[in-house]
Amino acid sequence: MRINKYLASCGVASRRKVDAMIKEGRVTVNGVRLTEPGIDVTEQDEILVDGRRIEGNEKKVYYLLNKPKGYVTTVSDEQGRATVLDLIHEDAGRLFPVGRLDANTSGLLIITNDGELFHHLMHPSHHIDKTYRALVQGFFTLAKAERLSKGIDLGDFTTAPAKVTVIKQGKNSSVVDITIHEGKNRQVRRMFKAMGHPVIELERTRLGPLVIGRLAAGSYRKLSPAEVQALFSRRG
Ligand code: URA
């Protein structure tokens, strides 16, 4: 396998960054310092990045978790709070979540040990759509939905156009689906708050080709090979 693909799959960095690291002379294969990225390697090769040995013989695993509220999206929490990895009962080695949901957000989260998928999905230019179902305070009008869908100024940045669908309108609260491809910290909560409708509950229902479906909160399932393939081929 091409060394940039291999090291990306081990979670070292994206393929492009790996190429740059090789050109900077930071990578050795079997004791030889590389200067050009175009070589193939196998798991039998001893690869060091900045002098650190890269272990690459992990079988890749992919889980779709329905994250319940109250779990933090991190590998380990300094304050000892429950993390999303506490919900995965598998002996699968070094797992990590792809992206982040707030502790009080529920819904679709991918957990994997594949660094390449992580870099692929997190790359801003790949524009992976994420859909959230928000229960918001107050009567959310169609005019507000239209304004929100055009992109709004949040002070530090203006959001890109979004798809906004009003599911239910009530005097005290409304249900709205919103699809965005950006992933700024607390973005959906900030967008609704800026419209005067703070979020009461937030759930991610879709990520690219994946939907949460009927998976119970706290449960997870393996992604099928076709789903993994679809995630990797997703661009734009
Ligand atoms: N936007 C938010 O505000 N919170 C999340 O958890 C995800 C997206």
# chains A, B, ... in the order shown; residues from 1 in each chain; ligands from 1
$ residues_near_ligand --ligand "ligand 1" --cutoff "8 Å" --atoms "only C-alpha atoms and all ligand atoms" --output "short mmCIF file (atom, residue, chain, number, x, y, z; two decimals) with C-alpha atoms, in the first residue's frame"
data_model
loop_
_atom_site.label_atom_id
_atom_site.label_comp_id
_atom_site.auth_asym_id
_atom_site.auth_seq_id
_atom_site.Cartn_x
_atom_site.Cartn_y
_atom_site.Cartn_z
CA ARG A 100 -18.01 15.68 18.23
CA LEU A 101 -21.48 15.97 19.67
CA ASP A 102 -22.08 18.14 22.74
CA ALA A 103 -22.63 16.23 25.98
CA ASN A 104 -26.31 17.17 25.88
CA THR A 105 -26.76 16.31 22.17
CA SER A 106 -27.89 12.79 21.25
CA TYR A 132 -30.06 17.53 13.21
CA GLY A 183 -19.08 21.69 12.08
CA LYS A 184 -18.19 24.66 14.25
CA ASN A 185 -18.44 24.24 17.98
CA ARG A 186 -22.11 24.32 19.14
CA GLN A 187 -23.05 25.64 15.71
CA VAL A 188 -26.66 24.44 15.55
CA ARG A 189 -27.42 25.67 19.07
CA ARG A 190 -25.87 29.04 18.24
CA MET A 191 -27.83 29.32 14.98
CA LEU A 202 -30.83 18.30 19.83
CA GLU A 203 -30.36 15.00 18.01
CA ARG A 204 -28.18 14.19 15.00
#
$ residues_around --residues "Ile180 of chain A" --least-positions-apart "2" --cutoff "6 Å" --atoms "only C-alpha atoms" --output "list of chain:residue names"
A:Asp129, A:Lys130, A:Ala162, A:Glu182
$ closest_atom_pairs --of "segment 74-177 of chain A" --to "segment 16-35 of chain A" --cutoff "12 Å" --atoms "only C-alpha atoms" --output "tab-separated table"
residue	atom	partner	partner_atom	distance
A:Glu116	CA	A:Val18	CA	11.3
A:His119	CA	A:Arg16	CA	10.4
A:His120	CA	A:Arg16	CA	11.1
A:His123	CA	A:Arg16	CA	11.3
$ select_by_dssp --residues "segment 18-91 of chain A" --states "strand (DSSP E)" --output "list in words"
Val27, Thr28, Val29, Val32, Arg33, Ile47, Leu48, Val49, Arg52, Arg53, Tyr62, Tyr63, Leu64, Leu65, Asn66 and Lys67 of chain A
$ residues_around --residues "Gly99 of chain A" --least-positions-apart "4" --cutoff "10 Å" --atoms "only C-alpha atoms" --output "JSON, numbers by chain"
{"A": [73, 74, 109, 110, 111, 118, 119, 121, 122, 183]}
$ closest_residue --among "A:Glu146, A:Asp40, A:Asp177, A:Glu55" --to "Ala134 of chain A" --atoms "only C-alpha atoms"
A:Asp177
$ closest_residue --among "A:Gly51, A:Gly80, A:Gly115, A:Pro97" --to "Arg15 of chain A" --atoms "only C-alpha atoms"
A:Gly115
$ residues_around --residues "Val75 of chain A" --least-positions-apart "5" --cutoff "7 Å" --atoms "only C-alpha atoms" --output "PyMOL selection string"
chain A and resi 83+85+96
$ write_last_selection --atoms "C-alpha atoms" --output "CSV table (one decimal), in the first residue's frame"
chain,number,residue,atom,x,y,z
A,83,THR,CA,-17.5,9.0,27.6
A,85,LEU,CA,-16.3,4.9,24.4
A,96,PHE,CA,-12.0,7.1,18.8
$ closest_residue --among "A:Ala82, A:Leu210, A:Leu108, A:Pro161" --to "Asn66 of chain A" --atoms "only C-alpha atoms"
A:Leu108
$ atom_distance --atom1 "atom CA of Thr165 of chain A" --atom2 "atom CA of Lys150 of chain A"
12.8 Å
$ residues_around --residues "Gly170 of chain A" --least-positions-apart "5" --cutoff "10 Å" --atoms "only C-alpha atoms" --output "list in words"
Val136, Gln137, Gly138, Phe139, Phe140, Thr141 and Val175 of chain A
$ write_last_selection --atoms "all heavy atoms" --output "PDB file, in the first residue's frame"
ATOM      1  N   VAL A 136     -37.031  23.369  19.597  1.00  0.00           N
ATOM      2  CA  VAL A 136     -36.621  24.729  19.961  1.00  0.00           C
ATOM      3  C   VAL A 136     -37.751  25.448  20.686  1.00  0.00           C
ATOM      4  O   VAL A 136     -38.918  25.096  20.547  1.00  0.00           O
ATOM      5  CB  VAL A 136     -36.199  25.544  18.705  1.00  0.00           C
ATOM      6  CG1 VAL A 136     -35.056  24.865  17.974  1.00  0.00           C
ATOM      7  CG2 VAL A 136     -37.372  25.787  17.763  1.00  0.00           C
ATOM      8  N   GLN A 137     -37.378  26.455  21.433  1.00  0.00           N
ATOM      9  CA  GLN A 137     -38.380  27.242  22.165  1.00  0.00           C
ATOM     10  C   GLN A 137     -39.202  28.092  21.186  1.00  0.00           C
ATOM     11  O   GLN A 137     -38.656  28.644  20.226  1.00  0.00           O
ATOM     12  CB  GLN A 137     -37.706  28.171  23.164  1.00  0.00           C
ATOM     13  CG  GLN A 137     -37.169  27.451  24.395  1.00  0.00           C
ATOM     14  CD  GLN A 137     -36.515  28.425  25.377  1.00  0.00           C
ATOM     15  OE1 GLN A 137     -36.747  29.622  25.345  1.00  0.00           O
ATOM     16  NE2 GLN A 137     -35.679  27.874  26.246  1.00  0.00           N
ATOM     17  N   GLY A 138     -40.486  28.213  21.446  1.00  0.00           N
ATOM     18  CA  GLY A 138     -41.339  29.165  20.726  1.00  0.00           C
ATOM     19  C   GLY A 138     -41.864  28.663  19.392  1.00  0.00           C
ATOM     20  O   GLY A 138     -41.542  27.558  18.942  1.00  0.00           O
ATOM     21  N   PHE A 139     -42.669  29.495  18.763  1.00  0.00           N
ATOM     22  CA  PHE A 139     -43.296  29.199  17.470  1.00  0.00           C
ATOM     23  C   PHE A 139     -42.308  29.565  16.373  1.00  0.00           C
ATOM     24  O   PHE A 139     -42.014  30.749  16.158  1.00  0.00           O
ATOM     25  CB  PHE A 139     -44.595  30.000  17.331  1.00  0.00           C
ATOM     26  CG  PHE A 139     -45.416  29.596  16.153  1.00  0.00           C
ATOM     27  CD1 PHE A 139     -46.477  28.701  16.313  1.00  0.00           C
ATOM     28  CD2 PHE A 139     -45.154  30.104  14.886  1.00  0.00           C
ATOM     29  CE1 PHE A 139     -47.250  28.322  15.205  1.00  0.00           C
ATOM     30  CE2 PHE A 139     -45.918  29.720  13.785  1.00  0.00           C
ATOM     31  CZ  PHE A 139     -46.961  28.829  13.948  1.00  0.00           C
ATOM     32  N   PHE A 140     -41.793  28.585  15.672  1.00  0.00           N
ATOM     33  CA  PHE A 140     -40.768  28.823  14.656  1.00  0.00           C
ATOM     34  C   PHE A 140     -41.450  29.003  13.298  1.00  0.00           C
ATOM     35  O   PHE A 140     -41.999  28.058  12.744  1.00  0.00           O
ATOM     36  CB  PHE A 140     -39.771  27.661  14.630  1.00  0.00           C
ATOM     37  CG  PHE A 140     -38.498  27.980  13.912  1.00  0.00           C
ATOM     38  CD1 PHE A 140     -37.472  28.659  14.556  1.00  0.00           C
ATOM     39  CD2 PHE A 140     -38.327  27.633  12.581  1.00  0.00           C
ATOM     40  CE1 PHE A 140     -36.292  28.968  13.894  1.00  0.00           C
ATOM     41  CE2 PHE A 140     -37.147  27.945  11.910  1.00  0.00           C
ATOM     42  CZ  PHE A 140     -36.134  28.610  12.578  1.00  0.00           C
ATOM     43  N   THR A 141     -41.425  30.222  12.774  1.00  0.00           N
ATOM     44  CA  THR A 141     -42.171  30.520  11.543  1.00  0.00           C
ATOM     45  C   THR A 141     -41.407  30.058  10.295  1.00  0.00           C
ATOM     46  O   THR A 141     -40.183  29.870  10.333  1.00  0.00           O
ATOM     47  CB  THR A 141     -42.411  32.040  11.406  1.00  0.00           C
ATOM     48  OG1 THR A 141     -41.127  32.675  11.292  1.00  0.00           O
ATOM     49  CG2 THR A 141     -43.157  32.597  12.608  1.00  0.00           C
ATOM     50  N   VAL A 175     -40.498  21.870  16.305  1.00  0.00           N
ATOM     51  CA  VAL A 175     -39.491  20.878  15.900  1.00  0.00           C
ATOM     52  C   VAL A 175     -39.017  21.243  14.491  1.00  0.00           C
ATOM     53  O   VAL A 175     -39.832  21.440  13.586  1.00  0.00           O
ATOM     54  CB  VAL A 175     -40.087  19.450  15.917  1.00  0.00           C
ATOM     55  CG1 VAL A 175     -39.048  18.444  15.430  1.00  0.00           C
ATOM     56  CG2 VAL A 175     -40.574  19.090  17.318  1.00  0.00           C
TER      57      VAL A 175
END
$ closest_residue --among "A:Phe157, A:Pro68, A:Ala145, A:Ala230" --to "Phe192 of chain A" --atoms "only C-alpha atoms"
A:Ala145
$ closest_residue --among "A:Pro198, A:Ala8, A:Arg221, A:Thr42" --to "Glu90 of chain A" --atoms "only C-alpha atoms"
A:Arg221
$ select_by_dssp --residues "segment 26-118 of chain A" --states "helix (DSSP H, G or I)" --output "PDB file with all heavy atoms, in the first residue's frame"
ATOM      1  N   VAL A  84     -18.311   8.484  25.366  1.00  0.00           N
ATOM      2  CA  VAL A  84     -18.993   7.639  24.381  1.00  0.00           C
ATOM      3  C   VAL A  84     -18.308   6.275  24.243  1.00  0.00           C
ATOM      4  O   VAL A  84     -18.965   5.290  23.924  1.00  0.00           O
ATOM      5  CB  VAL A  84     -19.080   8.337  23.004  1.00  0.00           C
ATOM      6  CG1 VAL A  84     -20.056   9.492  23.054  1.00  0.00           C
ATOM      7  CG2 VAL A  84     -17.720   8.805  22.512  1.00  0.00           C
ATOM      8  N   LEU A  85     -17.007   6.209  24.522  1.00  0.00           N
ATOM      9  CA  LEU A  85     -16.324   4.913  24.394  1.00  0.00           C
ATOM     10  C   LEU A  85     -16.751   3.935  25.489  1.00  0.00           C
ATOM     11  O   LEU A  85     -16.637   2.726  25.320  1.00  0.00           O
ATOM     12  CB  LEU A  85     -14.802   5.103  24.413  1.00  0.00           C
ATOM     13  CG  LEU A  85     -14.225   5.834  23.208  1.00  0.00           C
ATOM     14  CD1 LEU A  85     -12.707   5.817  23.254  1.00  0.00           C
ATOM     15  CD2 LEU A  85     -14.711   5.228  21.893  1.00  0.00           C
ATOM     16  N   ASP A  86     -17.272   4.459  26.605  1.00  0.00           N
ATOM     17  CA  ASP A  86     -17.784   3.569  27.658  1.00  0.00           C
ATOM     18  C   ASP A  86     -18.971   2.750  27.158  1.00  0.00           C
ATOM     19  O   ASP A  86     -19.343   1.746  27.760  1.00  0.00           O
ATOM     20  CB  ASP A  86     -18.225   4.385  28.890  1.00  0.00           C
ATOM     21  CG  ASP A  86     -17.048   5.071  29.571  1.00  0.00           C
ATOM     22  OD1 ASP A  86     -15.916   4.580  29.408  1.00  0.00           O
ATOM     23  OD2 ASP A  86     -17.262   6.092  30.247  1.00  0.00           O
ATOM     24  N   LEU A  87     -19.580   3.202  26.063  1.00  0.00           N
ATOM     25  CA  LEU A  87     -20.774   2.511  25.540  1.00  0.00           C
ATOM     26  C   LEU A  87     -20.415   1.392  24.561  1.00  0.00           C
ATOM     27  O   LEU A  87     -21.266   0.615  24.173  1.00  0.00           O
ATOM     28  CB  LEU A  87     -21.682   3.524  24.822  1.00  0.00           C
ATOM     29  CG  LEU A  87     -22.271   4.614  25.721  1.00  0.00           C
ATOM     30  CD1 LEU A  87     -22.774   5.784  24.871  1.00  0.00           C
ATOM     31  CD2 LEU A  87     -23.410   4.038  26.545  1.00  0.00           C
ATOM     32  N   GLY A 115      -7.985   5.941  11.244  1.00  0.00           N
ATOM     33  CA  GLY A 115      -7.615   7.358  11.170  1.00  0.00           C
ATOM     34  C   GLY A 115      -7.886   7.959   9.804  1.00  0.00           C
ATOM     35  O   GLY A 115      -8.157   9.144   9.680  1.00  0.00           O
ATOM     36  N   GLU A 116      -7.835   7.109   8.761  1.00  0.00           N
ATOM     37  CA  GLU A 116      -8.059   7.657   7.432  1.00  0.00           C
ATOM     38  C   GLU A 116      -9.517   8.112   7.269  1.00  0.00           C
ATOM     39  O   GLU A 116      -9.787   9.164   6.699  1.00  0.00           O
ATOM     40  CB  GLU A 116      -7.710   6.632   6.359  1.00  0.00           C
ATOM     41  CG  GLU A 116      -7.701   7.291   5.003  1.00  0.00           C
ATOM     42  CD  GLU A 116      -7.264   6.392   3.875  1.00  0.00           C
ATOM     43  OE1 GLU A 116      -7.286   5.166   4.036  1.00  0.00           O
ATOM     44  OE2 GLU A 116      -6.922   6.946   2.828  1.00  0.00           O
ATOM     45  N   LEU A 117     -10.442   7.316   7.807  1.00  0.00           N
ATOM     46  CA  LEU A 117     -11.853   7.731   7.736  1.00  0.00           C
ATOM     47  C   LEU A 117     -12.044   9.027   8.529  1.00  0.00           C
ATOM     48  O   LEU A 117     -12.733   9.951   8.095  1.00  0.00           O
ATOM     49  CB  LEU A 117     -12.777   6.637   8.297  1.00  0.00           C
ATOM     50  CG  LEU A 117     -14.255   7.019   8.211  1.00  0.00           C
ATOM     51  CD1 LEU A 117     -14.724   7.036   6.758  1.00  0.00           C
ATOM     52  CD2 LEU A 117     -15.129   6.094   9.033  1.00  0.00           C
ATOM     53  N   PHE A 118     -11.393   9.089   9.671  1.00  0.00           N
ATOM     54  CA  PHE A 118     -11.470  10.296  10.496  1.00  0.00           C
ATOM     55  C   PHE A 118     -11.049  11.520   9.676  1.00  0.00           C
ATOM     56  O   PHE A 118     -11.773  12.502   9.579  1.00  0.00           O
ATOM     57  CB  PHE A 118     -10.578  10.123  11.731  1.00  0.00           C
ATOM     58  CG  PHE A 118     -10.546  11.313  12.626  1.00  0.00           C
ATOM     59  CD1 PHE A 118     -11.476  11.451  13.643  1.00  0.00           C
ATOM     60  CD2 PHE A 118      -9.601  12.310  12.454  1.00  0.00           C
ATOM     61  CE1 PHE A 118     -11.465  12.563  14.468  1.00  0.00           C
ATOM     62  CE2 PHE A 118      -9.569  13.414  13.277  1.00  0.00           C
ATOM     63  CZ  PHE A 118     -10.508  13.537  14.284  1.00  0.00           C
TER      64      PHE A 118
END
$ atom_distance --atom1 "atom CA of Lys60 of chain A" --atom2 "atom CA of Asn113 of chain A"
5.9 Å
$ closest_residue --among "A:Leu223, A:Ser173, A:Asp77, A:Thr131" --to "Arg206 of chain A" --atoms "only C-alpha atoms"
A:Thr131
